[in-house]
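Undergrad: My file is structure_17.txt. It has compact mmCIF, C-alpha atoms:
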# COMPACT_ATOMS: atom_id res chain seq x y z
CA MET A 1 179.11 54.81 186.47
CA PHE A 2 176.11 52.95 185.12
CA VAL A 3 175.82 50.92 188.31
CA LEU A 4 175.97 54.01 190.51
CA PHE A 5 173.41 55.74 188.30
CA LEU A 6 170.96 52.84 188.43
CA LEU A 7 171.38 52.15 192.13
CA SER A 8 170.68 55.80 192.86
CA PHE A 9 167.03 55.06 192.18
CA PHE A 10 166.81 52.66 195.12
CA PRO A 11 165.49 54.19 198.35
CA THR A 12 167.86 55.05 201.16
CA PHE A 13 166.39 53.54 204.29
CA ALA A 14 166.63 54.98 207.76
CA PRO A 15 169.24 53.28 210.01
CA LYS A 16 166.54 51.45 211.99
CA PHE A 17 165.77 49.39 208.90
CA PHE A 18 169.38 48.30 208.52
CA SER A 19 168.90 46.04 211.54
CA MET A 20 166.45 43.94 209.56
CA LYS A 21 167.74 40.41 209.11
CA ILE A 22 167.60 39.28 205.49
CA ALA A 23 167.82 35.68 204.29
CA ALA A 24 168.76 35.77 200.59
CA LEU A 25 168.08 32.66 198.51
CA VAL A 26 170.77 32.51 195.82
CA SER A 27 170.90 29.77 193.20
CA GLY A 28 173.98 30.82 191.25
CA GLY A 29 171.95 32.30 188.41
CA VAL A 30 172.32 35.91 187.35
CA ASP A 31 169.01 37.13 188.82
CA SER A 32 169.48 35.91 192.38
CA SER A 33 173.20 36.80 192.25
CA VAL A 34 172.47 40.46 191.55
CA THR A 35 170.19 40.69 194.60
CA ILE A 36 173.24 40.56 196.89
CA PRO A 37 175.06 43.73 195.75
CA LEU A 38 171.70 45.51 195.58
CA LEU A 39 170.91 44.57 199.17
CA LYS A 40 174.40 45.55 200.30
CA LYS A 41 174.01 48.90 198.54
CA GLN A 42 170.84 49.51 200.55
CA GLY A 43 172.70 48.86 203.78
CA TYR A 44 171.57 45.31 204.49
CA ASP A 45 173.84 42.43 205.45
CA PRO A 46 172.09 39.45 203.86
CA HIS A 47 172.74 35.88 204.95
CA ILE A 48 173.02 33.84 201.76
CA PHE A 49 171.41 30.42 201.54
CA TYR A 50 171.87 27.94 198.72
CA ILE A 51 169.10 25.32 198.79
CA ARG A 52 169.80 21.81 197.53
CA ILE A 53 166.61 20.42 196.03
CA GLY A 54 168.06 18.48 193.10
CA MET A 55 167.58 14.98 194.48
CA GLU A 56 171.11 14.07 193.34
CA ASP A 57 170.81 10.62 194.93
CA GLU A 58 167.81 9.69 192.80
CA PRO A 59 168.67 8.09 189.42
CA ALA A 60 166.33 10.41 187.53
CA PHE A 61 168.14 13.45 188.92
CA MET A 62 171.74 12.44 188.35
CA ASP A 63 172.17 15.08 185.63
CA CYS A 64 171.38 17.92 188.00
CA PRO A 65 174.70 18.75 189.69
CA ALA A 66 174.84 21.64 192.14
CA GLU A 67 178.62 22.04 192.40
CA GLU A 68 178.96 24.88 189.87
CA ASP A 69 176.00 26.75 191.35
CA ILE A 70 177.44 26.46 194.86
CA GLU A 71 180.88 27.59 193.67
CA ILE A 72 179.42 30.74 192.10
CA THR A 73 177.25 31.46 195.15
CA ASN A 74 180.24 31.01 197.45
CA TRP A 75 182.27 33.42 195.30
CA ILE A 76 179.54 36.05 195.64
CA ALA A 77 179.37 35.52 199.41
CA LYS A 78 183.12 36.10 199.73
CA LYS A 79 183.11 39.12 197.41
CA TYR A 80 180.40 40.87 199.40
CA GLN A 81 181.48 39.50 202.80
CA CYS A 82 178.20 37.70 203.45
CA LYS A 83 177.65 34.67 205.61
CA MET A 84 176.63 31.68 203.49
CA ASP A 85 175.13 28.28 204.20
CA VAL A 86 174.30 25.39 201.90
CA ILE A 87 171.17 23.67 203.17
CA ASP A 88 169.54 20.44 202.10
CA LEU A 89 165.79 20.36 201.46
CA GLN A 90 165.81 17.37 199.12
CA LYS A 91 163.58 15.23 201.34
CA GLU A 92 161.09 18.04 201.75
CA TYR A 93 161.19 18.67 198.00
CA TRP A 94 160.49 15.01 197.25
CA SER A 95 157.68 14.71 199.79
CA THR A 96 155.92 17.87 198.59
CA VAL A 97 156.75 19.17 195.10
CA VAL A 98 157.66 15.86 193.47
CA LYS A 99 154.79 14.01 195.19
CA TYR A 100 152.37 16.71 194.03
CA THR A 101 153.69 16.37 190.47
CA ILE A 102 153.32 12.58 190.40
CA ASP A 103 149.86 12.68 191.99
CA SER A 104 148.72 15.32 189.50
CA VAL A 105 149.81 13.46 186.37
CA GLN A 106 148.24 10.23 187.63
CA LYS A 107 144.93 12.08 187.85
CA GLY A 108 145.34 13.43 184.33
CA PHE A 109 146.14 16.98 185.45
CA THR A 110 148.92 19.25 184.20
CA PRO A 111 151.06 20.13 187.22
CA ASN A 112 153.11 23.25 187.82
CA PRO A 113 156.10 22.35 190.03
CA ASP A 114 157.50 25.90 189.85
CA ILE A 115 154.43 27.34 191.58
CA MET A 116 154.55 24.63 194.23
CA CYS A 117 158.30 25.06 194.76
CA ASN A 118 157.74 28.70 195.74
CA LEU A 119 154.84 27.86 198.05
CA LEU A 120 156.21 24.70 199.66
CA ILE A 121 160.00 25.09 199.53
CA LYS A 122 161.40 28.59 199.03
CA PHE A 123 158.84 30.35 201.23
CA GLY A 124 157.59 27.19 202.97
CA ALA A 125 160.03 24.54 204.19
CA PHE A 126 162.95 26.97 204.12
CA ASN A 127 161.17 29.43 206.39
CA ASP A 128 159.95 26.67 208.70
CA LYS A 129 163.44 25.20 209.19
CA TYR A 130 165.82 28.13 208.75
CA GLY A 131 164.02 31.39 208.12
CA LYS A 132 162.02 32.15 211.23
CA GLU A 133 164.74 34.35 212.72
CA TYR A 134 164.82 36.55 209.60
CA ASP A 135 162.60 39.53 208.89
CA ARG A 136 162.61 39.04 205.12
CA ILE A 137 163.32 36.30 202.58
CA ALA A 138 164.83 37.82 199.43
CA THR A 139 164.71 36.02 196.08
CA GLY A 140 165.61 36.80 192.48
CA HIS A 141 162.02 36.78 191.24
CA TYR A 142 160.84 39.43 188.80
CA ALA A 143 158.02 40.74 190.96
CA THR A 144 157.33 43.65 193.29
CA ARG A 145 155.20 44.18 196.36
CA TYR A 146 153.57 47.11 198.06
CA GLU A 147 151.86 47.64 201.38
CA THR A 148 148.74 49.44 202.55
CA LYS A 149 146.93 49.43 205.88
CA GLU A 150 145.46 46.09 204.72
CA GLY A 151 148.90 44.48 204.44
CA ALA A 152 151.11 43.30 201.60
CA PHE A 153 150.07 43.01 197.97
CA LEU A 154 151.93 41.27 195.13
CA SER A 155 152.47 43.48 192.10
CA THR A 156 153.94 42.95 188.68
CA ALA A 157 157.55 43.61 187.75
CA THR A 158 158.83 46.53 185.71
CA ASP A 159 159.91 44.03 183.05
CA LYS A 160 156.54 42.71 181.88
CA ILE A 161 158.12 40.03 179.70
CA LYS A 162 160.09 38.54 182.60
CA ASP A 163 157.37 39.12 185.21
CA GLN A 164 157.10 36.04 187.47
CA THR A 165 154.05 36.86 189.57
CA TYR A 166 152.30 33.91 187.93
CA PHE A 167 154.73 31.58 189.74
CA LEU A 168 154.13 33.39 193.03
CA SER A 169 150.34 33.45 192.85
CA GLN A 170 149.85 30.59 195.33
CA ILE A 171 152.08 31.75 198.19
CA THR A 172 150.29 32.54 201.44
CA PRO A 173 149.59 36.06 202.76
CA ASP A 174 152.12 35.45 205.57
CA GLN A 175 154.74 34.36 203.04
CA LEU A 176 154.10 37.43 200.90
CA ALA A 177 154.41 39.68 203.95
CA LYS A 178 157.92 38.31 204.49
CA ALA A 179 158.98 38.24 200.82
CA MET A 180 161.47 40.64 199.27
CA PHE A 181 162.14 41.05 195.54
CA PRO A 182 165.22 43.27 195.05
CA ILE A 183 165.31 43.11 191.23
CA GLY A 184 161.58 43.57 190.62
CA HIS A 185 161.99 47.21 189.59
CA ILE A 186 164.82 46.52 187.12
CA PRO A 187 164.49 45.29 183.51
CA LYS A 188 166.25 42.01 182.75
CA SER A 189 168.64 43.70 180.33
CA GLU A 190 169.78 46.03 183.10
CA VAL A 191 170.21 43.12 185.51
CA ARG A 192 172.64 41.61 182.99
CA LYS A 193 174.50 44.90 182.70
CA LEU A 194 174.74 45.18 186.47
CA ALA A 195 176.15 41.66 186.68
CA GLU A 196 178.70 42.46 183.96
CA GLU A 197 179.82 45.72 185.56
CA MET A 198 180.09 44.03 188.94
CA LYS A 199 182.06 41.23 187.25
CA LEU A 200 179.83 38.54 188.70
CA PRO A 201 180.64 35.03 187.43
CA SER A 202 176.94 34.48 186.69
CA ALA A 203 176.73 37.49 184.35
CA HIS A 204 176.62 35.43 181.15
CA ARG A 205 174.96 32.28 182.43
CA PRO A 206 171.85 31.34 180.42
CA ASP A 207 168.47 31.77 182.08
CA SER A 208 167.17 28.78 183.98
CA GLN A 209 164.44 26.79 182.26
CA GLY A 210 162.68 26.23 185.55
CA ILE A 211 163.55 24.50 188.78
CA CYS A 212 166.09 21.69 188.56
CA PHE A 213 163.28 19.13 188.46
CA LEU A 214 162.09 20.38 185.08
CA GLY A 215 165.11 22.17 183.71
CA LYS A 216 167.84 19.56 183.51
CA ILE A 217 166.14 16.19 183.18
CA ASN A 218 163.86 14.65 180.60
CA TYR A 219 160.34 15.12 181.93
CA THR A 220 158.94 12.18 179.96
CA ASP A 221 161.65 9.86 181.29
CA PHE A 222 160.87 10.98 184.83
CA ILE A 223 157.13 10.33 184.41
CA LYS A 224 157.81 6.95 182.85
CA LYS A 225 160.04 5.94 185.75
CA TYR A 226 157.75 7.03 188.58
CA VAL A 227 154.27 6.70 187.03
CA GLY A 228 154.77 4.05 184.36
CA GLU A 229 152.91 3.49 181.11
CA LYS A 230 149.27 2.75 180.32
CA PRO A 231 148.55 2.39 176.59
CA GLY A 232 145.29 3.80 175.27
CA GLU A 233 143.61 5.10 172.13
CA ILE A 234 144.21 8.40 170.37
CA ILE A 235 140.93 9.47 168.75
CA GLU A 236 140.11 12.35 166.41
CA LEU A 237 137.55 14.48 168.24
CA GLU A 238 135.49 15.50 165.24
CA THR A 239 135.18 12.07 163.57
CA GLY A 240 135.67 9.53 166.35
CA LYS A 241 138.32 7.81 164.22
CA ILE A 242 141.05 5.92 166.07
CA LEU A 243 144.35 7.36 164.88
CA GLY A 244 146.89 5.59 167.05
CA GLU A 245 147.93 4.62 170.54
CA HIS A 246 149.44 6.63 173.39
CA ARG A 247 151.63 5.32 176.23
CA GLY A 248 149.59 6.92 179.01
CA PHE A 249 147.36 9.97 179.19
CA TRP A 250 149.72 11.47 181.78
CA PHE A 251 152.38 12.02 179.12
CA HIS A 252 150.12 14.54 177.36
CA THR A 253 148.58 17.88 178.26
CA ILE A 254 145.85 19.98 176.67
CA GLY A 255 147.25 22.02 173.79
CA GLN A 256 150.22 19.69 173.28
CA ARG A 257 151.43 19.16 169.74
CA ARG A 258 154.72 17.29 169.98
CA GLY A 259 155.16 13.65 170.88
CA LEU A 260 151.90 12.27 169.47
CA ARG A 261 153.65 10.28 166.71
CA LEU A 262 150.81 10.81 164.24
CA GLY A 263 151.11 11.45 160.52
CA GLY A 264 149.28 14.12 158.54
CA GLY A 265 149.54 16.73 161.26
CA PRO A 266 149.80 18.99 163.00
CA TRP A 267 147.66 17.35 165.66
CA PHE A 268 146.80 18.94 168.99
CA VAL A 269 145.57 17.34 172.20
CA VAL A 270 142.19 18.96 172.88
CA LYS A 271 140.59 16.65 175.46
CA LYS A 272 141.35 13.70 177.73
CA ASP A 273 138.96 11.03 179.01
CA ILE A 274 140.71 9.86 182.15
CA LYS A 275 138.27 7.06 183.01
CA LYS A 276 138.51 5.49 179.54
CA ASN A 277 142.20 6.39 179.06
CA ILE A 278 141.49 8.14 175.76
CA ILE A 279 143.25 11.15 174.27
CA TYR A 280 141.24 13.23 171.80
CA VAL A 281 143.09 15.23 169.17
CA SER A 282 142.19 17.73 166.49
CA ASN A 283 143.92 18.43 163.19
CA GLY A 284 145.13 21.73 161.79
CA TYR A 285 147.34 24.66 162.75
CA ASP A 286 144.56 26.40 164.67
CA PRO A 287 141.71 23.95 165.31
CA VAL A 288 138.51 25.37 166.79
CA ALA A 289 138.42 22.52 169.31
CA GLN A 290 141.49 24.01 171.04
CA TYR A 291 139.57 27.07 172.17
CA ASN A 292 137.16 27.86 174.98
CA ASP A 293 136.03 30.99 176.77
CA THR A 294 135.17 29.42 180.14
CA ILE A 295 137.79 28.35 182.66
CA PRO A 296 136.37 26.45 185.65
CA LEU A 297 138.34 27.00 188.85
CA GLU A 298 138.61 25.37 192.24
CA ASN A 299 140.32 26.42 195.48
CA LEU A 300 140.36 30.14 194.69
CA HIS A 301 143.28 31.63 196.62
CA PHE A 302 143.72 35.30 197.52
CA LEU A 303 147.15 36.73 198.30
CA ASN A 304 145.70 39.32 200.67
CA THR A 305 142.77 38.08 202.75
CA ASN A 306 142.28 41.46 204.47
CA HIS A 307 141.03 43.06 201.26
CA ASP A 308 137.36 42.68 200.32
CA TYR A 309 137.17 40.87 196.98
CA SER A 310 133.51 39.85 197.36
CA LYS A 311 132.45 42.12 194.50
CA LEU A 312 135.41 41.37 192.24
CA ASN A 313 134.16 40.87 188.69
CA ASP A 314 136.23 42.44 185.92
CA ILE A 315 139.73 40.99 185.87
CA LYS A 316 142.80 40.29 183.81
CA PHE A 317 144.22 36.77 183.98
CA LYS A 318 146.87 34.33 182.75
CA ILE A 319 146.51 30.57 182.42
CA ARG A 320 150.25 30.10 181.93
CA HIS A 321 153.48 32.07 182.37
CA GLN A 322 153.40 34.57 179.51
CA PRO A 323 153.77 38.35 179.02
CA GLU A 324 150.22 38.85 177.71
CA PHE A 325 147.14 39.26 179.90
CA ASN A 326 143.68 38.00 179.03
CA LYS A 327 140.58 40.01 179.90
CA GLY A 328 137.51 38.47 181.46
CA LYS A 329 135.09 38.22 184.36
CA LEU A 330 135.38 36.21 187.57
CA ILE A 331 132.06 34.51 188.25
CA ARG A 332 131.14 32.98 191.61
CA ASP A 333 127.65 31.53 191.93
CA ASN A 334 125.78 28.30 192.66
CA ASN A 335 127.42 26.72 189.61
CA GLY A 336 130.90 27.20 191.07
CA ILE A 337 133.86 29.45 190.34
CA ARG A 338 134.91 30.25 186.78
CA ILE A 339 136.51 32.82 184.58
CA VAL A 340 134.63 33.85 181.45
CA SER A 341 137.13 35.25 178.99
CA ASP A 342 136.28 38.08 176.61
CA LYS A 343 137.91 36.02 173.86
CA LYS A 344 138.25 32.28 173.43
CA ILE A 345 141.72 31.04 174.35
CA SER A 346 143.61 27.82 173.71
CA GLY A 347 145.42 25.34 175.92
CA ILE A 348 143.17 25.40 178.99
CA ALA A 349 144.69 22.51 180.92
CA PRO A 350 143.06 21.15 184.10
CA GLY A 351 145.56 21.13 186.97
CA GLN A 352 147.31 24.27 185.80
CA PHE A 353 146.70 27.55 187.57
CA SER A 354 145.00 30.70 186.41
CA ALA A 355 146.54 33.77 188.01
CA ILE A 356 144.13 36.65 188.53
CA TYR A 357 145.07 40.33 188.20
CA ASP A 358 143.35 43.68 188.51
CA VAL A 359 142.30 45.38 185.28
CA GLU A 360 145.25 47.79 185.51
CA GLU A 361 147.60 44.76 185.35
CA LYS A 362 149.38 46.04 188.46
CA THR A 363 148.34 43.68 191.25
CA CYS A 364 148.30 39.90 191.22
CA ILE A 365 145.20 39.16 193.30
CA GLY A 366 145.69 35.41 193.57
CA SER A 367 144.98 32.27 191.59
CA GLY A 368 142.86 29.17 191.30
CA MET A 369 143.52 25.72 189.92
CA ILE A 370 141.84 24.97 186.61
CA ALA A 371 139.26 22.22 187.12
CA GLN A 372 137.99 19.51 184.82
CA TYR A 373 135.04 20.39 182.62
CA ASN A 374 131.82 18.68 183.67
CA ASP A 375 131.60 16.61 180.49
CA VAL A 376 134.99 14.91 181.05
Re-express the file's structure as structure tokens.
TA:
Amino acid sequence: MFVLFLLSFFPTFAPKFFSMKIAALVSGGVDSSVTIPLLKKQGYDPHIFYIRIGMEDEPAFMDCPAEEDIEITNWIAKKYQCKMDVIDLQKEYWSTVVKYTIDSVQKGFTPNPDIMCNLLIKFGAFNDKYGKEYDRIATGHYATRYETKEGAFLSTATDKIKDQTYFLSQITPDQLAKAMFPIGHIPKSEVRKLAEEMKLPSAHRPDSQGICFLGKINYTDFIKKYVGEKPGEIIELETGKILGEHRGFWFHTIGQRRGLRLGGGPWFVVKKDIKKNIIYVSNGYDPVAQYNDTIPLENLHFLNTNHDYSKLNDIKFKIRHQPEFNKGKLIRDNNGIRIVSDKKISGIAPGQFSAIYDVEEKTCIGSGMIAQYNDV
């Protein structure tokens, strides 16, 4: 009864919409699994695709098996009488997402492979190779979208804690126009209940910790294998005292606490000098040096280019995937693009992305990559 009650809130589309061809990307996890019965309930006949991106042939990825995921996805396809294909995008994943990650860490930036996986693989390479014949690409993201005469806009999920618009903030307007998020209006707890009542094998699977690249291998081991080591000094920012030695600045990100191997802590990474291969740290549980109220941006990206954002000033924003929004102003002048936060925040890491939202926290407007500060 619960399932019927909840599904009654989904719109009943006119028959002409039932002819829409839906490509559903299912990973075997509970979120993407639940999209299939929801789509079937709405009258669609989704074609399920499982994407191999795990680089199983690479030594660093050997602990990322796909067999269980494929077995669960195949079970769902049979239960709901959906066509299913397993497709291989490992080469594309390596040449785009993994290459981006390696290039970023070599430059001293903090990469975000999850954001790039959505842009370059799920809505990128997949659509280019397999998705062009489909009207929509459905995923298990916690996000929603709405349309006006200006086109599609990305909006936040009902479940603000699970909201994943941050990870979608770099997709293109064309990709957003084709995207479909069937669970965006449902809280995570209800998604679990739906999976249980539908007796889906993924109902009690733990949440993914990210794409396979980050979730099931040791990130430090991966960086060591493909980037190597480059020892340098760890220096206390306030005193200039040399405290120890690091194995390479690319193993550390701004705001990091673990892995410094220093006594008398806690110590936090607060700055990196890439040219001199120096990591600067600060001591204490909440050091002032961690905080800043200015976030320099580059390559500002809007999710809807038909809307006029020329006068956009007051915004909400996130510099990482988190439930809370920060309040600030978006400044664009001769000195570049930057966000000035109402309050100082910690962990501003160059290379990461800052997602920009309207002040009502409804629409994700876009994002920009956090740039290096001029004094670095």
Undergrad: Using only C-alpha atoms, which of A:Gln256, A:Gln290, A:Ser341, A:Thr144 sits nearest A:Asp314?
TA: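 Using only C-alpha atoms, A:Asp314 sits closest to A:Ser341.
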Undergrad: Go through A:Pro187, A:Pro37, A:Pro113, A:Gly368 and flag the residue nearest A:Pro296, using all atoms listed in the file for the distances.
TA: A:Gly368
Undergrad: With all atoms listed in the file counted and 8 Å as the cut-off, give the residues of stretch 248-344 of chain A in contact with stretch 93-109 of chain A, each with its shortest interatomic distance in Å and the pair that gives it, as a tab-separated table.
TA:
residue	atom	partner	partner_atom	distance
A:Phe249	CA	A:Gly108	CA	6.5
A:Trp250	CA	A:Val105	CA	5.0
A:Phe251	CA	A:Val105	CA	7.8
A:Thr253	CA	A:Phe109	CA	7.6
A:Lys272	CA	A:Gly108	CA	7.7
A:Ile274	CA	A:Gly108	CA	6.2
Undergrad: With distances taken over all atoms listed in the file, which residue among A:Asn112, A:Ile234, A:Gly248, A:Ala195 lies nearest A:Trp267?
TA: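 Among A:Asn112, A:Ile234, A:Gly248, A:Ala195, it is A:Ile234 that comes nearest to A:Trp267.
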Undergrad: As a PyMOL selection string, please: the residues near A:Ser202 (cut-off 12 Å, all atoms listed in the file, same-chain neighbours under 3 positions excluded).
TA: chain A and resi 26-34+68-76+191-199+205-208
Undergrad: Go ahead and compute the interatomic distance for atom CA of A:Tyr130 and atom CA of A:Arg145, in Å to one decimal.
TA: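 That distance, rounded to one decimal, is 22.9 Å.
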Undergrad: Just the number, please: distance in Å from atom CA of A:Lys160 to atom CA of A:Leu303, one decimal.
TA: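 For atom CA of A:Lys160 relative to atom CA of A:Leu303, the distance reads 19.8 Å.
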Undergrad: Can you check which parts of stretch 121-159 of chain A lie within 10 Å of stretch 164-172 of chain A? Per residue, the shortest pair of atoms and distance in Å to one decimal, counting only C-alpha atoms, sorted by chain and number, as JSON lines.
TA:
{"residue": "A:Lys122", "atom": "CA", "partner": "A:Ile171", "partner_atom": "CA", "distance": 9.9}
{"residue": "A:Phe123", "atom": "CA", "partner": "A:Ile171", "partner_atom": "CA", "distance": 7.5}
{"residue": "A:Gly124", "atom": "CA", "partner": "A:Ile171", "partner_atom": "CA", "distance": 8.6}
{"residue": "A:Gly140", "atom": "CA", "partner": "A:Gln164", "partner_atom": "CA", "distance": 9.9}
{"residue": "A:His141", "atom": "CA", "partner": "A:Gln164", "partner_atom": "CA", "distance": 6.2}
{"residue": "A:Tyr142", "atom": "CA", "partner": "A:Gln164", "partner_atom": "CA", "distance": 5.2}
{"residue": "A:Ala143", "atom": "CA", "partner": "A:Thr165", "partner_atom": "CA", "distance": 5.7}
{"residue": "A:Thr144", "atom": "CA", "partner": "A:Thr165", "partner_atom": "CA", "distance": 8.4}
{"residue": "A:Leu154", "atom": "CA", "partner": "A:Thr165", "partner_atom": "CA", "distance": 7.4}
{"residue": "A:Ser155", "atom": "CA", "partner": "A:Thr165", "partner_atom": "CA", "distance": 7.3}
{"residue": "A:Thr156", "atom": "CA", "partner": "A:Thr165", "partner_atom": "CA", "distance": 6.2}
{"residue": "A:Ala157", "atom": "CA", "partner": "A:Gln164", "partner_atom": "CA", "distance": 7.6}
{"residue": "A:Asp159", "atom": "CA", "partner": "A:Gln164", "partner_atom": "CA", "distance": 9.6}
Undergrad: Just give me the gap between atom CA of A:Ile356 and atom CA of A:Ser189 in Å, one decimal is fine.
TA: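 About the pair atom CA of A:Ile356 and atom CA of A:Ser189: they are 26.8 Å apart.
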Undergrad: Measuring atom to atom with all atoms listed in the file, identify which of A:His185, A:Asn118, A:Arg247, A:His47 is nearest to A:Asp85.
TA: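 Under the stated criterion, the closest residue is A:His47.
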Undergrad: My structure is short of atoms at stretch 123-141 of chain A; please model N, CA and C atoms there, returning them as a short mmCIF file (atom, residue, chain, number, x, y, z; two decimals), keeping the file's coordinate frame.
TA:
data_model
loop_
_atom_site.label_atom_id
_atom_site.label_comp_id
_atom_site.auth_asym_id
_atom_site.auth_seq_id
_atom_site.Cartn_x
_atom_site.Cartn_y
_atom_site.Cartn_z
N PHE A 123 159.47 29.56 200.17
CA PHE A 123 158.84 30.35 201.23
C PHE A 123 158.16 29.46 202.26
N GLY A 124 158.22 28.13 202.06
CA GLY A 124 157.59 27.19 202.97
C GLY A 124 158.58 26.48 203.86
N ALA A 125 159.12 25.35 203.37
CA ALA A 125 160.03 24.54 204.19
C ALA A 125 161.27 25.32 204.62
N PHE A 126 161.78 26.18 203.73
CA PHE A 126 162.95 26.97 204.12
C PHE A 126 162.64 27.85 205.33
N ASN A 127 161.52 28.55 205.27
CA ASN A 127 161.17 29.43 206.39
C ASN A 127 160.93 28.63 207.67
N ASP A 128 160.27 27.48 207.53
CA ASP A 128 159.95 26.67 208.70
C ASP A 128 161.21 26.15 209.40
N LYS A 129 162.24 25.81 208.62
CA LYS A 129 163.44 25.20 209.19
C LYS A 129 164.56 26.20 209.47
N TYR A 130 164.67 27.24 208.63
CA TYR A 130 165.82 28.13 208.75
C TYR A 130 165.47 29.61 208.78
N GLY A 131 164.29 29.98 208.35
CA GLY A 131 164.02 31.39 208.12
C GLY A 131 163.26 32.14 209.18
N LYS A 132 162.87 31.48 210.25
CA LYS A 132 162.02 32.15 211.23
C LYS A 132 162.70 33.31 211.93
N GLU A 133 164.01 33.27 212.04
CA GLU A 133 164.74 34.35 212.72
C GLU A 133 164.97 35.55 211.83
N TYR A 134 164.57 35.47 210.55
CA TYR A 134 164.82 36.55 209.60
C TYR A 134 163.54 37.36 209.37
N ASP A 135 163.73 38.64 209.13
CA ASP A 135 162.60 39.53 208.89
C ASP A 135 162.09 39.42 207.45
N ARG A 136 162.98 39.14 206.53
CA ARG A 136 162.61 39.04 205.12
C ARG A 136 163.33 37.88 204.45
N ILE A 137 162.69 37.31 203.44
CA ILE A 137 163.32 36.30 202.58
C ILE A 137 163.40 36.91 201.19
N ALA A 138 164.61 37.18 200.73
CA ALA A 138 164.83 37.82 199.43
C ALA A 138 165.11 36.77 198.36
N THR A 139 164.49 36.93 197.21
CA THR A 139 164.71 36.02 196.08
C THR A 139 164.94 36.83 194.81
N GLY A 140 165.35 36.15 193.76
CA GLY A 140 165.61 36.80 192.48
C GLY A 140 164.43 36.79 191.55
N HIS A 141 163.21 36.77 192.09
CA HIS A 141 162.02 36.78 191.24
C HIS A 141 161.79 38.18 190.63
#
